[in-house]
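Asks: Below is the file data10.txt, which contains compact mmCIF, C-alpha atoms.
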```txt
# COMPACT_ATOMS: atom_id res chain seq x y z
CA MET A 1 23.01 -1.70 28.78
CA SER A 2 19.65 -3.10 29.91
CA THR A 3 17.47 -5.13 27.58
CA ARG A 4 14.70 -2.56 28.01
CA LEU A 5 16.92 0.26 26.75
CA MET A 6 18.17 -1.85 23.86
CA VAL A 7 14.61 -2.53 22.71
CA ILE A 8 13.76 1.19 22.87
CA LEU A 9 16.87 2.04 20.82
CA ALA A 10 15.95 -0.65 18.29
CA ALA A 11 12.49 0.91 17.88
CA ILE A 12 14.11 4.32 17.32
CA LEU A 13 16.48 2.85 14.73
CA VAL A 14 13.47 1.47 12.83
CA ILE A 15 11.98 4.97 12.55
CA VAL A 16 15.01 7.17 11.83
CA PRO A 17 15.97 5.79 8.36
CA PHE A 18 12.50 6.58 6.98
CA TYR A 19 12.77 10.24 8.00
CA ILE A 20 16.33 10.50 6.65
CA TYR A 21 15.20 9.06 3.33
CA PHE A 22 12.14 11.33 3.26
CA GLU A 23 14.34 14.38 3.83
CA ARG A 24 16.79 13.32 1.12
CA THR A 25 14.00 13.00 -1.45
CA ARG A 26 13.38 16.74 -0.99
CA PRO A 27 9.57 16.51 -1.05
CA GLN A 28 7.57 19.34 -2.54
CA ALA A 29 6.01 21.85 -0.16
CA ARG A 30 2.61 20.76 -1.49
CA THR A 31 3.35 17.17 -0.54
CA ILE A 32 4.35 18.20 2.98
CA VAL A 33 1.16 20.24 3.33
CA LEU A 34 -0.99 17.29 2.25
CA LEU A 35 0.78 14.93 4.67
CA THR A 36 0.37 17.51 7.42
CA VAL A 37 -3.35 17.78 6.77
CA LEU A 38 -3.80 14.00 6.88
CA THR A 39 -1.79 13.84 10.10
CA ALA A 40 -3.84 16.66 11.62
CA LEU A 41 -7.07 14.84 10.72
CA ALA A 42 -5.78 11.66 12.33
CA VAL A 43 -4.72 13.50 15.50
CA ALA A 44 -8.08 15.30 15.69
CA SER A 45 -9.93 12.02 15.20
CA ARG A 46 -8.02 10.43 18.07
CA ALA A 47 -8.91 13.37 20.28
CA ALA A 48 -12.55 13.28 19.17
CA PHE A 49 -12.92 9.67 20.34
CA PHE A 50 -10.92 10.07 23.56
CA MET A 51 -13.87 8.89 25.67
CA VAL A 52 -14.11 5.57 23.81
CA PRO A 53 -11.15 3.40 24.85
CA PHE A 54 -9.15 1.98 21.93
CA PHE A 55 -11.86 2.86 19.36
CA LYS A 56 -9.75 5.26 17.26
CA PRO A 57 -9.46 5.99 13.50
CA VAL A 58 -5.68 6.53 13.64
CA LEU A 59 -4.66 3.39 11.74
CA ALA A 60 -7.33 4.08 9.14
CA PHE A 61 -5.72 7.42 8.25
CA ALA A 62 -2.26 5.82 7.99
CA ILE A 63 -3.70 3.19 5.66
CA ILE A 64 -5.51 5.82 3.58
CA ALA A 65 -2.27 7.81 3.21
CA GLY A 66 -0.33 4.70 2.20
CA ILE A 67 -2.84 3.67 -0.44
CA ALA A 68 -3.34 7.17 -1.88
CA LEU A 69 0.21 8.51 -1.74
CA GLY A 70 2.51 5.52 -1.34
CA PRO A 71 4.30 3.60 1.43
CA GLN A 72 6.59 6.45 2.46
CA ALA A 73 3.62 8.78 2.94
CA GLY A 74 1.81 6.08 4.90
CA PHE A 75 4.77 5.74 7.26
CA ILE A 76 5.11 9.49 7.76
CA VAL A 77 1.39 10.01 8.49
CA GLY A 78 1.18 7.01 10.82
CA SER A 79 4.32 7.76 12.81
CA MET A 80 3.72 11.52 13.04
CA THR A 81 0.15 10.87 14.22
CA ALA A 82 1.53 8.89 17.15
CA LEU A 83 4.13 11.53 17.99
CA VAL A 84 1.86 14.57 17.73
CA SER A 85 -1.25 13.05 19.34
CA ASN A 86 0.79 11.88 22.33
CA PHE A 87 1.37 15.53 23.23
CA LEU A 88 -2.32 15.34 24.15
CA PHE A 89 -2.43 11.80 25.51
CA GLY A 90 0.99 11.55 27.12
CA GLN A 91 4.55 11.07 25.85
CA GLY A 92 6.83 8.34 27.05
CA PRO A 93 9.07 5.50 25.87
CA TRP A 94 5.95 3.85 24.40
CA THR A 95 5.70 6.65 21.84
CA VAL A 96 8.51 5.26 19.68
CA PHE A 97 6.80 1.86 19.59
CA GLN A 98 3.53 3.49 18.52
CA MET A 99 5.38 5.52 15.89
CA ALA A 100 6.98 2.37 14.48
CA ALA A 101 3.73 0.38 14.57
CA TRP A 102 1.44 3.02 13.09
CA GLY A 103 4.05 4.01 10.53
CA LEU A 104 4.58 0.43 9.38
CA THR A 105 0.82 -0.03 9.12
CA GLY A 106 0.68 2.81 6.60
CA LEU A 107 3.84 1.69 4.83
CA ILE A 108 2.61 -1.88 4.29
CA ALA A 109 -0.74 -0.55 3.08
CA GLY A 110 1.18 1.46 0.49
CA LEU A 111 3.13 -1.61 -0.59
CA LEU A 112 -0.10 -3.59 -0.97
CA ALA A 113 -1.96 -0.80 -2.77
CA GLY A 114 -0.97 -2.05 -6.23
CA SER A 115 -2.17 -5.60 -5.62
CA LEU A 116 -4.28 -6.62 -2.64
CA LEU A 117 -5.78 -3.18 -2.02
CA GLN A 118 -6.01 -2.17 -5.69
CA GLY A 119 -9.13 -0.24 -6.69
CA ASN A 120 -9.78 1.08 -3.17
CA ARG A 121 -12.11 -1.84 -2.48
CA ARG A 122 -13.67 -1.69 0.96
CA ILE A 123 -13.53 -5.35 1.97
CA PRO A 124 -9.76 -5.91 1.40
CA MET A 125 -9.01 -2.60 3.14
CA MET A 126 -11.23 -3.54 6.08
CA ILE A 127 -9.62 -6.97 6.43
CA TYR A 128 -6.14 -5.47 6.30
CA GLY A 129 -7.12 -2.76 8.78
CA PHE A 130 -8.52 -5.27 11.25
CA LEU A 131 -5.56 -7.65 11.02
CA SER A 132 -3.00 -4.83 11.24
CA ALA A 133 -4.26 -3.98 14.73
CA PHE A 134 -3.07 -7.42 15.85
CA LEU A 135 -0.17 -8.29 13.55
CA ILE A 136 1.53 -4.88 13.42
CA HIS A 137 0.19 -2.56 16.12
CA GLY A 138 -0.29 -5.23 18.77
CA LEU A 139 2.97 -7.08 18.24
CA ILE A 140 5.09 -3.91 18.26
CA THR A 141 3.43 -1.65 20.84
CA ASP A 142 3.01 -4.44 23.37
CA LEU A 143 6.78 -4.97 23.34
CA TRP A 144 6.99 -1.87 25.52
CA THR A 145 4.53 -3.39 27.99
CA ILE A 146 6.49 -6.65 28.07
CA PHE A 147 9.80 -4.94 28.86
CA PHE A 148 8.15 -2.47 31.24
CA VAL A 149 6.90 -5.43 33.28
CA SER A 150 10.31 -7.13 33.29
CA ASP A 151 13.72 -6.30 31.91
CA GLN A 152 14.21 -10.03 31.38
CA PRO A 153 10.74 -11.26 30.38
CA THR A 154 9.84 -14.93 30.45
CA LEU A 155 7.59 -16.75 28.02
CA ALA A 156 4.81 -16.54 30.60
CA THR A 157 5.18 -12.75 30.71
CA VAL A 158 5.03 -12.49 26.92
CA LEU A 159 1.97 -14.72 26.69
CA SER A 160 0.15 -12.90 29.48
CA VAL A 161 0.77 -9.45 27.93
CA TYR A 162 -0.31 -10.48 24.45
CA SER A 163 -3.33 -12.31 25.84
CA ALA A 164 -4.41 -9.23 27.79
CA ALA A 165 -4.07 -7.14 24.62
CA ILE A 166 -6.45 -9.25 22.53
CA VAL A 167 -9.57 -7.26 23.47
CA PRO A 168 -8.01 -3.77 23.05
CA ASP A 169 -6.49 -4.83 19.73
CA ALA A 170 -9.83 -6.25 18.61
CA VAL A 171 -11.55 -2.94 19.44
CA LEU A 172 -8.87 -0.98 17.56
CA GLY A 173 -9.06 -3.38 14.63
CA SER A 174 -12.85 -3.09 14.53
CA ALA A 175 -12.60 0.71 14.63
CA THR A 176 -10.05 0.68 11.82
CA ALA A 177 -12.25 -1.55 9.66
CA PHE A 178 -15.32 0.55 10.47
CA PHE A 179 -13.70 3.86 9.52
CA LEU A 180 -12.18 2.40 6.38
CA TRP A 181 -15.67 1.24 5.40
CA MET A 182 -17.21 4.60 6.21
CA ILE A 183 -14.67 7.01 4.72
CA GLY A 184 -11.83 5.00 3.17
CA PRO A 185 -12.63 5.00 -0.58
CA ALA A 186 -14.06 8.54 -0.53
CA VAL A 187 -11.04 10.08 1.24
CA ILE A 188 -8.61 8.12 -0.94
CA ARG A 189 -10.29 9.43 -4.09
CA LYS A 190 -10.15 13.02 -2.77
CA VAL A 191 -6.46 12.70 -1.87
CA GLN A 192 -5.68 11.16 -5.26
CA ARG A 193 -7.50 14.00 -7.03
CA ILE A 194 -5.43 16.53 -5.07
CA ARG A 195 -2.29 14.56 -5.89
CA ASP A 196 -3.10 14.54 -9.61
CA LYS A 197 -4.31 18.15 -9.74
CA TYR A 198 -1.13 19.56 -8.23
CA GLY A 199 1.23 17.07 -9.86
CA LEU A 200 2.37 15.43 -6.65
CA GLN A 201 4.50 12.37 -7.19
CA LYS A 202 3.39 9.16 -5.52
CA ASP A 203 6.35 7.38 -3.99
CA PRO A 204 6.93 3.91 -5.47
CA GLY A 205 5.34 0.89 -3.84
```
Hey, can you dump this file as structure tokens for me?
Replies:
Amino acid sequence: MSTRLMVILAAILVIVPFYIYFERTRPQARTIVLLTVLTALAVASRAAFFMVPFFKPVLAFAIIAGIALGPQAGFIVGSMTALVSNFLFGQGPWTVFQMAAWGLTGLIAGLLAGSLLQGNRRIPMMIYGFLSAFLIHGLITDLWTIFFVSDQPTLATVLSVYSAAIVPDAVLGSATAFFLWMIGPAVIRKVQRIRDKYGLQKDPG
């Protein structure tokens, strides 16, 4: 088995347990509807900014879902946004890396919601959103590029790929911080009100 295929399978194995666990929790139909709406908004936002390379609100919506509804919800919204939006932008082996990266961005936001991101404060959210574009999205999604270039990548290949990704990741990080500043606290409050009104259970962080 080639190294490239092994890396793709590893990315898939990161994603699958979250969906199995989500299914076993038997989420309420109302919860599924709310997650679907957040995913649809994220997909529509990616399509709306298709003419601006890398400047997308997708990570912002994953972070919002994680903070408002918990880490599991953040993972589902982030990963499903990658899967569904790529029907518009192109599916391929890179999709599983995007699903893992965007999902983990939302999941970690949910885990941090009770401490670092408590109170829906803009500045901590913006800092996390900007850094996540490099430390989560960049590190994971660029793995596909590295193994697409070479099945047996060298250190020079790794360094060149990650160096080339600095500008795109910076644009994505800036977009994430910008949209979290613009809509983050307001959307989180609305989602939390819906959660409380309909008795939806926030998954533990």
Asks: Need the shell around segment 68-81 of chain A: protein/DNA/RNA residues with any atom at most 6 Å away, counting only C-alpha atoms. Skip same-chain ones fewer than 3 positions apart. Format as a PyMOL selection string?
Replies: chain A and resi 39+43+62+65+84-85+99+102-104+106-107+110-111+188+192+202-203+205
Asks: Of the residues A:Ile123, A:Val96, A:Val158, A:Leu41, which is the one nearest to Phe178 of chain A, using all atoms listed in the file?
Replies: A:Ile123
Asks: Give as a VMD selection string the set of residues within 12 Å of the point (-11.2, 9.8, 0.4), where distances use the file's coordinates and only C-alpha atoms.
Replies: chain A and resid 38 60 to 61 63 to 65 67 to 69 120 122 179 to 195
Asks: Give the answer as one residue: which of A:Pro57, A:Pro124, A:Gly129, A:Gly66 has the shortest atom-to-atom distance to Ile108 of chain A, using all atoms listed in the file?
Replies: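 Checking each of A:Pro57, A:Pro124, A:Gly129, A:Gly66 against Ile108 of chain A, counting all atoms listed in the file, the winner is A:Gly66.
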Asks: Give me the residues within 12 Å of Leu9 of chain A as an MDAnalysis selection string, counting only C-alpha atoms and dropping any in the same chain fewer than 4 places off.
Replies: chainID A and resid 1:5 13:16 93:94 96:97 100 144
Asks: Given the selection you just returned, output its residues as a file containing C-alpha atoms, formatted as a PDB file, keeping the file's coordinate frame.
Replies:
```pdb
ATOM      1  CA  MET A   1      23.010  -1.700  28.780  1.00  0.00           C
ATOM      2  CA  SER A   2      19.650  -3.100  29.910  1.00  0.00           C
ATOM      3  CA  THR A   3      17.470  -5.130  27.580  1.00  0.00           C
ATOM      4  CA  ARG A   4      14.700  -2.560  28.010  1.00  0.00           C
ATOM      5  CA  LEU A   5      16.920   0.260  26.750  1.00  0.00           C
ATOM      6  CA  LEU A  13      16.480   2.850  14.730  1.00  0.00           C
ATOM      7  CA  VAL A  14      13.470   1.470  12.830  1.00  0.00           C
ATOM      8  CA  ILE A  15      11.980   4.970  12.550  1.00  0.00           C
ATOM      9  CA  VAL A  16      15.010   7.170  11.830  1.00  0.00           C
ATOM     10  CA  PRO A  93       9.070   5.500  25.870  1.00  0.00           C
ATOM     11  CA  TRP A  94       5.950   3.850  24.400  1.00  0.00           C
ATOM     12  CA  VAL A  96       8.510   5.260  19.680  1.00  0.00           C
ATOM     13  CA  PHE A  97       6.800   1.860  19.590  1.00  0.00           C
ATOM     14  CA  ALA A 100       6.980   2.370  14.480  1.00  0.00           C
ATOM     15  CA  TRP A 144       6.990  -1.870  25.520  1.00  0.00           C
TER      16      TRP A 144
END
```
Asks: For Arg30 of chain A, find every residue with an atom within 8 Å (counting only C-alpha atoms), except residues of its own chain fewer than 4 positions away, and show them as a ChimeraX atom specification.
Replies: /A:34,198,200
Asks: So that I have them on file, write out the residues from the current selection with C-alpha atoms, as a CSV table (one decimal), keeping the file's coordinate frame.
Replies:
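The new file result_32.csv reads:
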```csv
chain,number,residue,atom,x,y,z
A,34,LEU,CA,-1.0,17.3,2.2
A,198,TYR,CA,-1.1,19.6,-8.2
A,200,LEU,CA,2.4,15.4,-6.6
```
